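What follows is a short report on a single structure.
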Amino acid sequence: MPMDSKVIRDALIEQIYNKMLGNDNIFFVSADFGAPALDKLREKFSDRFINVGIAEQNLINVSAGLALEGFDVYAYAIAPFLTMRAYEQIRTNLSIMSQVRPVNVNLIGVGAGLSYDVTGPTHHCLEDACIMRVLPNFVVFSPADYVTAESFIDYSLSVKKPKYIRLDGKAQPRIYNDNSRISMDVGFVELKEGSEVGIVSTGYMTHKALRVAEALAAHGVNTGVLDVFMLKPVNEVLLNESLKKYSHIVTMEESFLNKGSLDTIIADILRDNNSDKELTRFGFADRYVFDVGNREHLHKLNGLDEETIVTSIMKKRKKGSL
Amino acid sequence: MNSIEMIEYLKKKADWVKRETLKIHKIAPGIRLASSLSCIEILTALYYGRILNYDPKNIYAGERDRFIISKAHGSVSFYPILADLGYFDKKYLEMVGKPGSILGDIPDCSIPGYETVNGSLGHGLGVACGMALALKQKGRKEKVFVLSGDGELYEGSVWEAIMFAAHHNLNNLVLIIDNNKICMLDYCKNILNLEPIDAKFSVFNWKTTVVDGHNLEQLYPALLALKQDESNGPKVLIADTVKGKGVPRLETDSLCHIKALRAEEIDQLLGEK
């Protein structure tokens, strides 16, 4: 593990701990899910750390009740169970409710995509970005590294709306040196400027996008990388501006394709702006992953390894003589 | 007002609420009439009996007792009470479900006086647990009351909240169960028997009280006692009620949940009063 790697949840919980030191108005509620960084928080703030047990429905409902009384709440669980076991509680008591009364509940889901690679399809989470983006009044945040996640802390406290924070489960190296380029209102950063292929990615796949861009550059293709960490709301105007210079747009994410996640966002922006740019989407097809193996092995089986991605982009370029 | 006068006053108010609910049903045949009739005395005692502290002019006042109607569909009888107390203009009672009204067939939190969203069942108690915990954390004295149906106890989320409330000693939380014994399709005892409800709550470390939910001589003092009870643990009041109370045709019909009365039936019922 490189020196500058961190498990994003621990970095974020550390920030929450620091805020709780000076702010009595924060509750941290968990559905019996932990983290090394959480142990300190549980001990220090035993009155404001609540473990509801393995009970995601009650996690949401109790968090909503605390928020209705004015507390800022972090609700913490494994991503697929947080979002899908309790989806109707999220819809009713956060999404619908927040249109009438402020409800500041920040859902922290750990294990986006294939973070929990060898644990199988119940623990994989390829739906969350799609289904959480459907909900009105919600913010959906998908950071690629701990620097981005840490930058969200002030926003999570000041914007009194329900939010879903989708975090990778494994330690990831940092991408950003500091938070100077990270703005929640913009929602993305053009990490690498190019002129031909523009890769748009989110979460874990931004790390891979940077490697793919290098490989394409070695093939003489001038490639840019845009890291989209705000999946809702999306600053469509600025994103469209940034995509204009590229002739071929590529999306990369650990989500199902064509169901409302990043690829859909980009396809809609291109269509709404009458763009005839080539669009290639990398993500998961309409089936679950039962295969056993580490993340890279599963990526290979699903056409998401670097080699396959680079080859298929090159093939498309030849075919379209771009 | 002494307690005998209070009971008489509440009886008159309950009778008025029943008539107004029937009038609403005439305008909006789609309302859940039978389950709105079974909780009239409960709602009347809580509001006209001033069990709850509330302020129609400041609906989210910190000093109010929180009241969540988890069986929102079966609480259209709360509309006339809210209008009468000044939560909104009485004109809306004549336009339930009509364009431009704030009152739909199923109430929600956009209506002044309703705390939360409860068209879907099994949500109220969990949200109430969060509120009760928050109030305790802030050292506040207000209480959280929840009205739920018995059929709602089928929802697993309710039992998650029942465990939570006892473990966290939410002694500022009172659950009232409108135990009208009928779901949508049948008597609960024929679907999945819920009894004994009080023993189930006892074993989950709740303090239980059982009353006749239509008898204000029992109901009012029981609610008053629960409001004043500072002892440990959450409390549940199981109010034995009759679904469709006051309408003979509904009282004996296992399918009364979805039954609507004809306009002339309603006129007849109102004329008899």
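Going through the structure tokens in order, the chains are called A, B, and so on, while each chain numbers its residues from 1 and the ligands are numbered from 1 in the order shown.
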*For chain A, which residues have at least one atom within 7 Å of chain B, if we go by only C-alpha atoms? Write them as a ChimeraX atom specification, please.*
/A:52,55,57-58,61-66,69,92-93,97,100
With C-alpha atoms kept, could you save the residues just selected as a compact mmCIF listing (two decimals), in the first residue's frame?
```txt
# COMPACT_ATOMS: atom_id res chain seq x y z
CA VAL A 52 -29.33 0.40 16.25
CA ALA A 55 -31.69 -2.98 11.56
CA GLN A 57 -34.95 0.31 8.47
CA ASN A 58 -34.70 1.61 12.02
CA ASN A 61 -36.16 6.10 10.86
CA VAL A 62 -34.25 6.94 14.04
CA SER A 63 -31.89 9.16 12.03
CA ALA A 64 -34.87 10.96 10.49
CA GLY A 65 -36.37 11.56 13.95
CA LEU A 66 -33.08 12.95 15.29
CA GLU A 69 -35.36 17.65 16.09
CA THR A 92 -40.54 8.24 2.86
CA ASN A 93 -38.67 9.73 5.79
CA MET A 97 -40.08 14.44 4.18
CA VAL A 100 -41.55 19.83 3.69
```
Can you check which residues of segment 10-51 of chain B DSSP gives as helix (DSSP H, G or I) on the backbone and send them as a PDB file with N, CA and C atoms, in the first residue's frame?
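This went into result23.pdb:
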```
ATOM      1  N   LEU B  10     -65.816  16.010  26.269  1.00  0.00           N
ATOM      2  CA  LEU B  10     -65.125  15.175  25.269  1.00  0.00           C
ATOM      3  C   LEU B  10     -66.120  14.326  24.485  1.00  0.00           C
ATOM      4  N   LYS B  11     -67.160  13.836  25.170  1.00  0.00           N
ATOM      5  CA  LYS B  11     -68.175  13.028  24.475  1.00  0.00           C
ATOM      6  C   LYS B  11     -68.858  13.862  23.396  1.00  0.00           C
ATOM      7  N   LYS B  12     -69.183  15.098  23.758  1.00  0.00           N
ATOM      8  CA  LYS B  12     -69.837  15.983  22.780  1.00  0.00           C
ATOM      9  C   LYS B  12     -68.910  16.262  21.608  1.00  0.00           C
ATOM     10  N   LYS B  13     -67.659  16.506  21.920  1.00  0.00           N
ATOM     11  CA  LYS B  13     -66.680  16.782  20.859  1.00  0.00           C
ATOM     12  C   LYS B  13     -66.499  15.554  19.952  1.00  0.00           C
ATOM     13  N   ALA B  14     -66.433  14.376  20.562  1.00  0.00           N
ATOM     14  CA  ALA B  14     -66.255  13.150  19.777  1.00  0.00           C
ATOM     15  C   ALA B  14     -67.436  12.951  18.837  1.00  0.00           C
ATOM     16  N   ASP B  15     -68.608  13.266  19.337  1.00  0.00           N
ATOM     17  CA  ASP B  15     -69.807  13.135  18.513  1.00  0.00           C
ATOM     18  C   ASP B  15     -69.750  14.106  17.324  1.00  0.00           C
ATOM     19  N   TRP B  16     -69.288  15.311  17.610  1.00  0.00           N
ATOM     20  CA  TRP B  16     -69.151  16.306  16.538  1.00  0.00           C
ATOM     21  C   TRP B  16     -68.106  15.859  15.511  1.00  0.00           C
ATOM     22  N   VAL B  17     -66.992  15.328  15.999  1.00  0.00           N
ATOM     23  CA  VAL B  17     -65.923  14.863  15.091  1.00  0.00           C
ATOM     24  C   VAL B  17     -66.452  13.741  14.197  1.00  0.00           C
ATOM     25  N   LYS B  18     -67.261  12.861  14.782  1.00  0.00           N
ATOM     26  CA  LYS B  18     -67.828  11.747  14.013  1.00  0.00           C
ATOM     27  C   LYS B  18     -68.720  12.278  12.889  1.00  0.00           C
ATOM     28  N   ARG B  19     -69.553  13.244  13.216  1.00  0.00           N
ATOM     29  CA  ARG B  19     -70.442  13.823  12.205  1.00  0.00           C
ATOM     30  C   ARG B  19     -69.634  14.509  11.095  1.00  0.00           C
ATOM     31  N   GLU B  20     -68.618  15.248  11.495  1.00  0.00           N
ATOM     32  CA  GLU B  20     -67.796  15.941  10.495  1.00  0.00           C
ATOM     33  C   GLU B  20     -67.056  14.944   9.607  1.00  0.00           C
ATOM     34  N   THR B  21     -66.637  13.827  10.202  1.00  0.00           N
ATOM     35  CA  THR B  21     -65.919  12.801   9.430  1.00  0.00           C
ATOM     36  C   THR B  21     -66.852  12.179   8.393  1.00  0.00           C
ATOM     37  N   LEU B  22     -68.079  11.942   8.804  1.00  0.00           N
ATOM     38  CA  LEU B  22     -69.071  11.403   7.857  1.00  0.00           C
ATOM     39  C   LEU B  22     -69.342  12.401   6.729  1.00  0.00           C
ATOM     40  N   LYS B  23     -69.389  13.681   7.093  1.00  0.00           N
ATOM     41  CA  LYS B  23     -69.605  14.709   6.056  1.00  0.00           C
ATOM     42  C   LYS B  23     -68.444  14.722   5.064  1.00  0.00           C
ATOM     43  N   ILE B  24     -67.229  14.567   5.588  1.00  0.00           N
ATOM     44  CA  ILE B  24     -66.055  14.521   4.701  1.00  0.00           C
ATOM     45  C   ILE B  24     -66.167  13.311   3.777  1.00  0.00           C
ATOM     46  N   HIS B  25     -66.621  12.209   4.339  1.00  0.00           N
ATOM     47  CA  HIS B  25     -66.734  10.988   3.534  1.00  0.00           C
ATOM     48  C   HIS B  25     -67.712  11.178   2.370  1.00  0.00           C
ATOM     49  N   LYS B  26     -68.711  11.990   2.608  1.00  0.00           N
ATOM     50  CA  LYS B  26     -69.688  12.252   1.543  1.00  0.00           C
ATOM     51  C   LYS B  26     -69.017  13.002   0.384  1.00  0.00           C
ATOM     52  N   ILE B  27     -68.099  13.887   0.735  1.00  0.00           N
ATOM     53  CA  ILE B  27     -67.372  14.644  -0.292  1.00  0.00           C
ATOM     54  C   ILE B  27     -66.280  13.787  -0.916  1.00  0.00           C
ATOM     55  N   LEU B  33     -62.759   5.340   5.766  1.00  0.00           N
ATOM     56  CA  LEU B  33     -63.726   5.769   6.784  1.00  0.00           C
ATOM     57  C   LEU B  33     -63.660   4.895   8.035  1.00  0.00           C
ATOM     58  N   ALA B  34     -63.709   3.573   7.850  1.00  0.00           N
ATOM     59  CA  ALA B  34     -63.841   2.679   9.011  1.00  0.00           C
ATOM     60  C   ALA B  34     -62.689   2.853   9.994  1.00  0.00           C
ATOM     61  N   SER B  35     -61.448   2.948   9.481  1.00  0.00           N
ATOM     62  CA  SER B  35     -60.309   3.094  10.393  1.00  0.00           C
ATOM     63  C   SER B  35     -60.174   4.526  10.901  1.00  0.00           C
ATOM     64  N   SER B  36     -60.836   5.472  10.243  1.00  0.00           N
ATOM     65  CA  SER B  36     -60.868   6.836  10.773  1.00  0.00           C
ATOM     66  C   SER B  36     -61.894   6.959  11.900  1.00  0.00           C
ATOM     67  N   LEU B  37     -62.880   6.070  11.905  1.00  0.00           N
ATOM     68  CA  LEU B  37     -63.903   6.111  12.962  1.00  0.00           C
ATOM     69  C   LEU B  37     -63.419   5.443  14.250  1.00  0.00           C
ATOM     70  N   ILE B  40     -61.515   7.990  16.858  1.00  0.00           N
ATOM     71  CA  ILE B  40     -62.047   9.335  17.134  1.00  0.00           C
ATOM     72  C   ILE B  40     -61.917   9.724  18.601  1.00  0.00           C
ATOM     73  N   GLU B  41     -62.266   8.831  19.508  1.00  0.00           N
ATOM     74  CA  GLU B  41     -62.173   9.183  20.939  1.00  0.00           C
ATOM     75  C   GLU B  41     -60.714   9.423  21.359  1.00  0.00           C
ATOM     76  N   ILE B  42     -59.808   8.651  20.757  1.00  0.00           N
ATOM     77  CA  ILE B  42     -58.375   8.822  21.091  1.00  0.00           C
ATOM     78  C   ILE B  42     -57.916  10.231  20.687  1.00  0.00           C
ATOM     79  N   LEU B  43     -58.208  10.606  19.445  1.00  0.00           N
ATOM     80  CA  LEU B  43     -57.796  11.925  18.944  1.00  0.00           C
ATOM     81  C   LEU B  43     -58.464  13.043  19.738  1.00  0.00           C
ATOM     82  N   THR B  44     -59.748  12.840  20.038  1.00  0.00           N
ATOM     83  CA  THR B  44     -60.510  13.848  20.785  1.00  0.00           C
ATOM     84  C   THR B  44     -59.914  14.063  22.175  1.00  0.00           C
ATOM     85  N   ALA B  45     -59.609  12.962  22.855  1.00  0.00           N
ATOM     86  CA  ALA B  45     -59.059  13.080  24.214  1.00  0.00           C
ATOM     87  C   ALA B  45     -57.693  13.758  24.188  1.00  0.00           C
ATOM     88  N   LEU B  46     -56.865  13.390  23.227  1.00  0.00           N
ATOM     89  CA  LEU B  46     -55.512  13.954  23.163  1.00  0.00           C
ATOM     90  C   LEU B  46     -55.547  15.467  22.949  1.00  0.00           C
ATOM     91  N   TYR B  47     -56.468  15.923  22.071  1.00  0.00           N
ATOM     92  CA  TYR B  47     -56.459  17.346  21.695  1.00  0.00           C
ATOM     93  C   TYR B  47     -57.426  18.183  22.512  1.00  0.00           C
ATOM     94  N   TYR B  48     -58.700  17.794  22.560  1.00  0.00           N
ATOM     95  CA  TYR B  48     -59.654  18.596  23.342  1.00  0.00           C
ATOM     96  C   TYR B  48     -59.446  18.395  24.833  1.00  0.00           C
TER      97      TYR B  48
END
```
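Using only C-alpha atoms, the shortest contact distance between Val140 of chain A and any of A:Asp272, A:Glu241, A:Asp128, A:Glu43 is found at A:Asp128.
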*What's the 9 Å shell around Thr122 of chain A, counting only C-alpha atoms, without same-chain residues fewer than 2 positions away, as number ranges by chain?*
A: 80-81, 119-120, 124-125
*Excluding segment 204-215 of chain B and any residue of its chain fewer than 4 positions from it, enumerate the residues within 10 Å of it, using only C-alpha atoms, and give them as a ChimeraX atom specification.*
/B:7,11,14,38-42,159,162-167,169-171,174-180,197-200,219-220,222-223,226,231-242,245
Could you save the residues just selected, with C-alpha atoms, as a PDB file, in the first residue's frame?
```pdb
ATOM      1  CA  ILE B   7     -65.722  13.640  30.075  1.00  0.00           C
ATOM      2  CA  LYS B  11     -68.175  13.028  24.475  1.00  0.00           C
ATOM      3  CA  ALA B  14     -66.255  13.150  19.777  1.00  0.00           C
ATOM      4  CA  SER B  38     -62.126   3.719  15.340  1.00  0.00           C
ATOM      5  CA  CYS B  39     -59.701   6.358  16.668  1.00  0.00           C
ATOM      6  CA  ILE B  40     -62.047   9.335  17.134  1.00  0.00           C
ATOM      7  CA  GLU B  41     -62.173   9.183  20.939  1.00  0.00           C
ATOM      8  CA  ILE B  42     -58.375   8.822  21.091  1.00  0.00           C
ATOM      9  CA  TRP B 159     -40.383  -4.365  16.021  1.00  0.00           C
ATOM     10  CA  ILE B 162     -39.945  -1.546  19.808  1.00  0.00           C
ATOM     11  CA  MET B 163     -36.581  -3.091  20.742  1.00  0.00           C
ATOM     12  CA  PHE B 164     -34.798   0.236  20.326  1.00  0.00           C
ATOM     13  CA  ALA B 165     -37.215   2.195  22.534  1.00  0.00           C
ATOM     14  CA  ALA B 166     -36.912  -0.173  25.475  1.00  0.00           C
ATOM     15  CA  HIS B 167     -33.132  -0.528  25.235  1.00  0.00           C
ATOM     16  CA  ASN B 169     -35.177   3.755  28.034  1.00  0.00           C
ATOM     17  CA  LEU B 170     -37.313   6.169  26.014  1.00  0.00           C
ATOM     18  CA  ASN B 171     -39.609   6.962  28.917  1.00  0.00           C
ATOM     19  CA  VAL B 174     -46.042   6.723  24.368  1.00  0.00           C
ATOM     20  CA  LEU B 175     -47.447   4.401  21.721  1.00  0.00           C
ATOM     21  CA  ILE B 176     -51.214   4.204  21.353  1.00  0.00           C
ATOM     22  CA  ILE B 177     -52.491   1.210  19.405  1.00  0.00           C
ATOM     23  CA  ASP B 178     -55.896   1.623  17.806  1.00  0.00           C
ATOM     24  CA  ASN B 179     -56.653  -2.075  18.228  1.00  0.00           C
ATOM     25  CA  ASN B 180     -59.572  -2.345  15.827  1.00  0.00           C
ATOM     26  CA  ILE B 197     -50.424  -7.841  22.061  1.00  0.00           C
ATOM     27  CA  ASP B 198     -49.942  -6.639  25.637  1.00  0.00           C
ATOM     28  CA  ALA B 199     -47.857  -9.677  26.603  1.00  0.00           C
ATOM     29  CA  LYS B 200     -45.667  -9.177  23.561  1.00  0.00           C
ATOM     30  CA  LEU B 219     -59.483   6.472  27.904  1.00  0.00           C
ATOM     31  CA  TYR B 220     -59.057  10.047  29.130  1.00  0.00           C
ATOM     32  CA  ALA B 222     -55.408   6.530  31.052  1.00  0.00           C
ATOM     33  CA  LEU B 223     -53.915   9.019  28.569  1.00  0.00           C
ATOM     34  CA  LEU B 226     -49.354   8.250  30.596  1.00  0.00           C
ATOM     35  CA  SER B 231     -41.186   6.089  35.236  1.00  0.00           C
ATOM     36  CA  ASN B 232     -38.613   4.117  33.260  1.00  0.00           C
ATOM     37  CA  GLY B 233     -39.233   2.652  29.851  1.00  0.00           C
ATOM     38  CA  PRO B 234     -41.541   3.343  26.927  1.00  0.00           C
ATOM     39  CA  LYS B 235     -45.307   2.960  27.389  1.00  0.00           C
ATOM     40  CA  VAL B 236     -47.981   1.456  25.213  1.00  0.00           C
ATOM     41  CA  LEU B 237     -51.707   2.018  25.511  1.00  0.00           C
ATOM     42  CA  ILE B 238     -53.673  -0.694  23.779  1.00  0.00           C
ATOM     43  CA  ALA B 239     -57.043   0.846  22.993  1.00  0.00           C
ATOM     44  CA  ASP B 240     -59.592  -1.826  22.134  1.00  0.00           C
ATOM     45  CA  THR B 241     -61.745  -0.355  19.415  1.00  0.00           C
ATOM     46  CA  VAL B 242     -64.270  -1.269  16.777  1.00  0.00           C
ATOM     47  CA  LYS B 245     -67.547   2.451  15.076  1.00  0.00           C
TER      48      LYS B 245
END
```
